[in-house]
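Working notes, structure below.
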Amino acid sequence: MIYPELHAASAFSFLEGASLPEDLVERAANLGLPAVALVDRNTLSGAPRFFKAAKAAGIKALVGAEVVLEEAVSYQLSAISPKKTTGNPRQAPVERTGPLGIVPDPPPPGTPLPRLTLLVENQMGYRNLCRLLTEAARHHPKGQARASWPQVQAHVEGLHCLTGGVEGLVTQRLIHHGLDRARRTLENLHRLFPNRLTVELQRHGLREEEHRNRALIDLGRSLRLPVVAAGGVRYAGRKNKDLADVMACIREGVTLDSAGRLLDAQRERHLKAPEEMHRVFADIPRAIGGAADLAERLDFTLDDLGYHFPDYPLPPGESLNSYLRAVTWAAARCRFRPLTARAQTQLEKELTLIEKLNLAGYFLIVWDIVRFCRREKILAQGRGSAANSAVCYALSITAVDPVKMELLFERFLSEERGEWPDIDLDLPSGPQREKVIQHVYSRYGPHGAAMTANVITYRDRSASREVGKAIGFSLEQVDRISKRLGGHASREFDEGARHFDTELRALGFDPEARRVRHFKRLWHEIHHMPRHLGQHSGGMVIAQGRLDEVVPLEPAAMEGRTIIQWDKDDCADLGLIKVDLLGLGMLAAIEDSIPMIRSHEGIDLDLAHLPPDDPETYAMIRRADTAGVFQIESRAQMASLPRNRPECFYDLVVQVAIIRPGPIAGKMT
């Protein structure tokens, strides 16, 4: 038996889905589903993780989204109806007949806005979906994106529309406005999505849902529309329903005791095996077959993004490789003092590899940003493994001579690693850094550059507060428990350093009480679930052409910035190239100090040619007199410096490598 799931949402449908994309894939693989469509609300944030996990599991990852519509859409829909109307459509009489001829109730206050479920058929459809989600987010508060009808009409090519579940536009018209309004809505969608509209049926064991299904089947039959079965999935397994209920309470600002019908009545919105779906839709076998046919028709995956890094504007007669060679050798004669045979050999080796890996454009783009900084007298300093590159040093991207310091270039770039180099630029915190960021936006256009996202997840304190309130603890109890369990409680519980029950008893809770047991379980389950998208500290993605055709963009909280819906790991997995423009407070202090030294000491300081072995400097380091010295100012560094007693630059390389989160978390120290 074959059944693909065409309507599944993850925890990236913030506070609606209750499973991570990887958990959905794991469950789908165990059930033997050949394909699953991830359709999160107004976002593709979970799509890269879903695609990566599905690819490893041998499952076809279909791309789509639930697009929330503006409230006025119902009236704009009537504008494209062939029926003539006069007067204000809000005042026009409406036939109010429900699915079975019953007069429906009016929409209660707070009724969610209707949605369109859109699946991507091809690359053009993906571009249109990204642009539609970008347009829907623009000019709306964070988390309240919604699309107008003209925006939908402008981006329908390559997209397949499902009527959706209870949140769908047609079903909402059916519930709140009656059969005739639902019919007109479906007819309008049919004209907008010719041969790309399908009636979606969901069955969760609810009588009113079955009434709606019967009406939808009749409406679809009148237009000869195909039907598909779908699960309307919001979580991977039946057991995840409790977390879904807590998230619904967080979303609505209520407790489990008072939520009532805000919670789903059954535990049915989970992934189901093909055998179970065949049994559920035994009376409508064509709905199962229709789902398989549609999944086969949708042939787009995230392998087909079509992303291209920008081309650097070249002088006539130059190629990217020849121009990089020209500017590198011209700069090297001034930068290396002297330009030794060894330095020339290293430069030639690096340039040859850069050409072989087709990375010349990337180096030129970063060099272009550094040149802007120099023109504007902004101190820019490359950090990390880029300092191992003689080409980066020649182009003034970094200020450490890697030849003289005997640094290993392969740590920065090698053919075997098969990945793009990572050049991070430190900039002075504050207005100077913002000037550079706005320069990148200006150079590549509002649709060609954006900051990467940072996925904010539930951690110890936020999990304690939100789950505690949803469970029904008093505000005073929630405050006490969030303070006690904040910080690193979950890690300490895992390591056995602290015990959950002991902490709860200390707070006056009975760990065996039913409500408290519920809290403990859900506190663990909600950890690492996405809360919302934040902004990465400095990562910027730039593209040749429109970045918003590769990934949806949305306004950042900071004015004048936009972010993509993917984080840095998603970008790396899908081949999107980012440049990190990081703010460093100490660099701002150094930037202010250089002209002061010139003015008071008469010394024109060049950071690229500081003496690397100054005895007084290393004596201060061995005394741990390093407050404000980047990388060796932490308490852990200052505690170990007098013991390790670094005497040369390479000793500092070892020192910094030891006291870092990566080695410590990996138990390498």
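Labeling convention for the structure tokens: chains A, B, ... as they appear, residues from 1 per chain, ligands from 1 in order of appearance.
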
If we count only C-alpha atoms, what is near Pro402 (chain A) at a cut-off of 7 Å, once residues fewer than 6 positions away on the same chain are taken out, given as number ranges by chain?
-> A: 387-390

Given the selection you just returned, output its residues as a file containing C-alpha atoms, formatted as a PDB file, in the first residue's frame.
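Contents of the output file result-v4.pdb:
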ATOM      1  CA  ALA A 387      44.349  34.571   8.999  1.00  0.00           C
ATOM      2  CA  ASN A 388      46.123  31.462   7.658  1.00  0.00           C
ATOM      3  CA  SER A 389      45.794  32.732   4.080  1.00  0.00           C
ATOM      4  CA  ALA A 390      48.530  34.737   2.367  1.00  0.00           C
TER       5      ALA A 390
END

Distance query Thr198 (chain A) at most 8 Å, only C-alpha atoms, self and fewer than 4 positions along chain excluded, as a ChimeraX atom specification | /A:160-163,225-228

Let me see the file: selected residues, N, CA and C atoms, as an mmCIF file, in the first residue's frame.
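Final output, saved to out.cif:
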data_model
loop_
_atom_site.group_PDB
_atom_site.id
_atom_site.type_symbol
_atom_site.label_atom_id
_atom_site.label_comp_id
_atom_site.auth_asym_id
_atom_site.auth_seq_id
_atom_site.Cartn_x
_atom_site.Cartn_y
_atom_site.Cartn_z
ATOM 1 N N HIS A 160 0.567 24.481 -6.627
ATOM 2 C CA HIS A 160 -0.642 23.658 -6.584
ATOM 3 C C HIS A 160 -1.366 23.958 -5.281
ATOM 4 N N CYS A 161 -2.654 24.239 -5.372
ATOM 5 C CA CYS A 161 -3.442 24.647 -4.211
ATOM 6 C C CYS A 161 -4.301 23.491 -3.708
ATOM 7 N N LEU A 162 -4.191 23.228 -2.407
ATOM 8 C CA LEU A 162 -5.114 22.325 -1.721
ATOM 9 C C LEU A 162 -6.141 23.169 -0.974
ATOM 10 N N THR A 163 -7.369 22.660 -0.891
ATOM 11 C CA THR A 163 -8.382 23.416 -0.153
ATOM 12 C C THR A 163 -8.075 23.473 1.330
ATOM 13 N N LEU A 225 -13.127 18.390 -9.820
ATOM 14 C CA LEU A 225 -11.830 18.528 -9.164
ATOM 15 C C LEU A 225 -11.407 17.198 -8.541
ATOM 16 N N PRO A 226 -10.131 16.892 -8.569
ATOM 17 C CA PRO A 226 -9.655 15.691 -7.884
ATOM 18 C C PRO A 226 -9.703 15.888 -6.376
ATOM 19 N N VAL A 227 -9.718 14.783 -5.650
ATOM 20 C CA VAL A 227 -9.693 14.833 -4.190
ATOM 21 C C VAL A 227 -8.475 14.062 -3.688
ATOM 22 N N VAL A 228 -7.937 14.501 -2.556
ATOM 23 C CA VAL A 228 -6.822 13.793 -1.924
ATOM 24 C C VAL A 228 -7.117 13.638 -0.443
#

Can you list, as a ChimeraX atom specification, every protein, DNA or RNA residue that comes within 7 Å of region 607-614 of chain A when you count only C-alpha atoms, leaving out same-chain residues fewer than 6 positions away?
-> /A:399-400,648-649

Using DSSP assignments from the backbone, pull out every residue in region 217-252 of chain A that falls under strand (DSSP E) and give it to me as an mmCIF file with N, CA and C atoms, in the first residue's frame.
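Final file, part.cif:
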data_model
loop_
_atom_site.group_PDB
_atom_site.id
_atom_site.type_symbol
_atom_site.label_atom_id
_atom_site.label_comp_id
_atom_site.auth_asym_id
_atom_site.auth_seq_id
_atom_site.Cartn_x
_atom_site.Cartn_y
_atom_site.Cartn_z
ATOM 1 N N VAL A 227 -9.718 14.783 -5.650
ATOM 2 C CA VAL A 227 -9.693 14.833 -4.190
ATOM 3 C C VAL A 227 -8.475 14.062 -3.688
ATOM 4 N N VAL A 228 -7.937 14.501 -2.556
ATOM 5 C CA VAL A 228 -6.822 13.793 -1.924
ATOM 6 C C VAL A 228 -7.117 13.638 -0.443
ATOM 7 N N ALA A 229 -6.614 12.571 0.125
ATOM 8 C CA ALA A 229 -6.664 12.369 1.569
ATOM 9 C C ALA A 229 -5.414 12.973 2.185
ATOM 10 N N ALA A 230 -5.569 13.565 3.357
ATOM 11 C CA ALA A 230 -4.428 14.142 4.074
ATOM 12 C C ALA A 230 -4.685 14.060 5.565
#

Compile a residue-level contact table for region 493-593 of chain A against region 436-439 of chain A at a cut-off of 9 Å, reporting for every qualifying residue the shortest atom pair and its distance in Å to one decimal, with only C-alpha atoms counted, rows ordered by chain and ascending number, as CSV.
residue,atom,partner,partner_atom,distance
A:Gly538,CA,A:Ile437,CA,8.7
A:Met540,CA,A:Ile437,CA,8.4
A:Gly560,CA,A:Gln438,CA,7.8
A:Arg561,CA,A:Gln438,CA,8.1
A:Leu581,CA,A:Ile437,CA,7.4

Could you work out how far CA of Met405 (chain A) lies from CA of Ala619 (chain A), giving the answer in Å with one decimal?
-> 19.6 Å

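Residues within 10 Å of Lys241 (chain A), counting only C-alpha atoms and excluding same-chain residues fewer than 5 positions away, are Gly17, Ala18, Ser19, Arg234, Tyr235, Ala236, Val246, Met247, Leu263, Asp264, Gln266, Arg267, Glu268, Arg269 and His270 of chain A.
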
Could you please take those selected residues and save C-alpha atoms as a PDB file, in the first residue's frame?
ATOM      1  CA  GLY A  17       3.178  22.187  15.295  1.00  0.00           C
ATOM      2  CA  ALA A  18       4.654  20.133  18.135  1.00  0.00           C
ATOM      3  CA  SER A  19       7.399  18.074  16.455  1.00  0.00           C
ATOM      4  CA  ARG A 234       0.656  18.777  13.574  1.00  0.00           C
ATOM      5  CA  TYR A 235       2.863  16.270  15.417  1.00  0.00           C
ATOM      6  CA  ALA A 236       4.740  13.063  14.690  1.00  0.00           C
ATOM      7  CA  VAL A 246       0.481  23.150  25.834  1.00  0.00           C
ATOM      8  CA  MET A 247       1.630  25.082  22.768  1.00  0.00           C
ATOM      9  CA  LEU A 263      -7.639  22.289  21.906  1.00  0.00           C
ATOM     10  CA  ASP A 264      -8.148  19.602  19.276  1.00  0.00           C
ATOM     11  CA  GLN A 266      -8.917  13.993  19.346  1.00  0.00           C
ATOM     12  CA  ARG A 267      -5.320  12.724  19.168  1.00  0.00           C
ATOM     13  CA  GLU A 268      -5.535  12.239  15.417  1.00  0.00           C
ATOM     14  CA  ARG A 269      -3.319  14.921  13.879  1.00  0.00           C
ATOM     15  CA  HIS A 270      -0.287  12.663  13.716  1.00  0.00           C
TER      16      HIS A 270
END

Can you work out which one of A:Ser148, A:Asn240, A:Ser396, A:Asn122 has the shortest atom-to-atom distance to Glu70 (chain A), counting only C-alpha atoms?
->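 Selected residue with least distance to Glu70 (chain A): A:Ser148.
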
Taking only C-alpha atoms into account, which of A:Arg521, A:Arg325, A:Arg335, A:Lys52 comes nearest Gly468 (chain A)?
-> A:Arg521

Find the nearest atom pair between each residue of region 301-326 of chain A and region 545-550 of chain A for residues within 8 Å, count only C-alpha atoms, give distances in Å to one decimal, sort rows by chain and ascending number, and present the table as a Markdown table.
| residue | atom | partner | partner_atom | distance |
| --- | --- | --- | --- | --- |
| A:Leu305 | CA | A:Val550 | CA | 6.0 |
| A:Gly306 | CA | A:Val550 | CA | 7.0 |
| A:Tyr307 | CA | A:Val550 | CA | 6.3 |
| A:Pro310 | CA | A:Gly545 | CA | 7.7 |

Since we have the selection now, will you write its residues out, keeping N, CA and C atoms, as a short mmCIF file (atom, residue, chain, number, x, y, z; two decimals), in the first residue's frame?
data_model
loop_
_atom_site.label_atom_id
_atom_site.label_comp_id
_atom_site.auth_asym_id
_atom_site.auth_seq_id
_atom_site.Cartn_x
_atom_site.Cartn_y
_atom_site.Cartn_z
N LEU A 305 17.54 24.74 -5.85
CA LEU A 305 17.32 26.12 -5.39
C LEU A 305 17.61 27.17 -6.46
N GLY A 306 18.65 26.95 -7.26
CA GLY A 306 19.03 27.95 -8.25
C GLY A 306 19.76 29.13 -7.66
N TYR A 307 20.45 28.94 -6.53
CA TYR A 307 21.19 30.04 -5.90
C TYR A 307 22.52 30.26 -6.61
N PRO A 310 27.01 36.32 -6.05
CA PRO A 310 27.11 37.45 -6.99
C PRO A 310 28.41 37.42 -7.79
#

Between A:Arg484, A:Lys142, A:Arg498, A:Arg212, which has the minimum distance to Arg465 (chain A) (counting only C-alpha atoms)?
-> A:Arg484
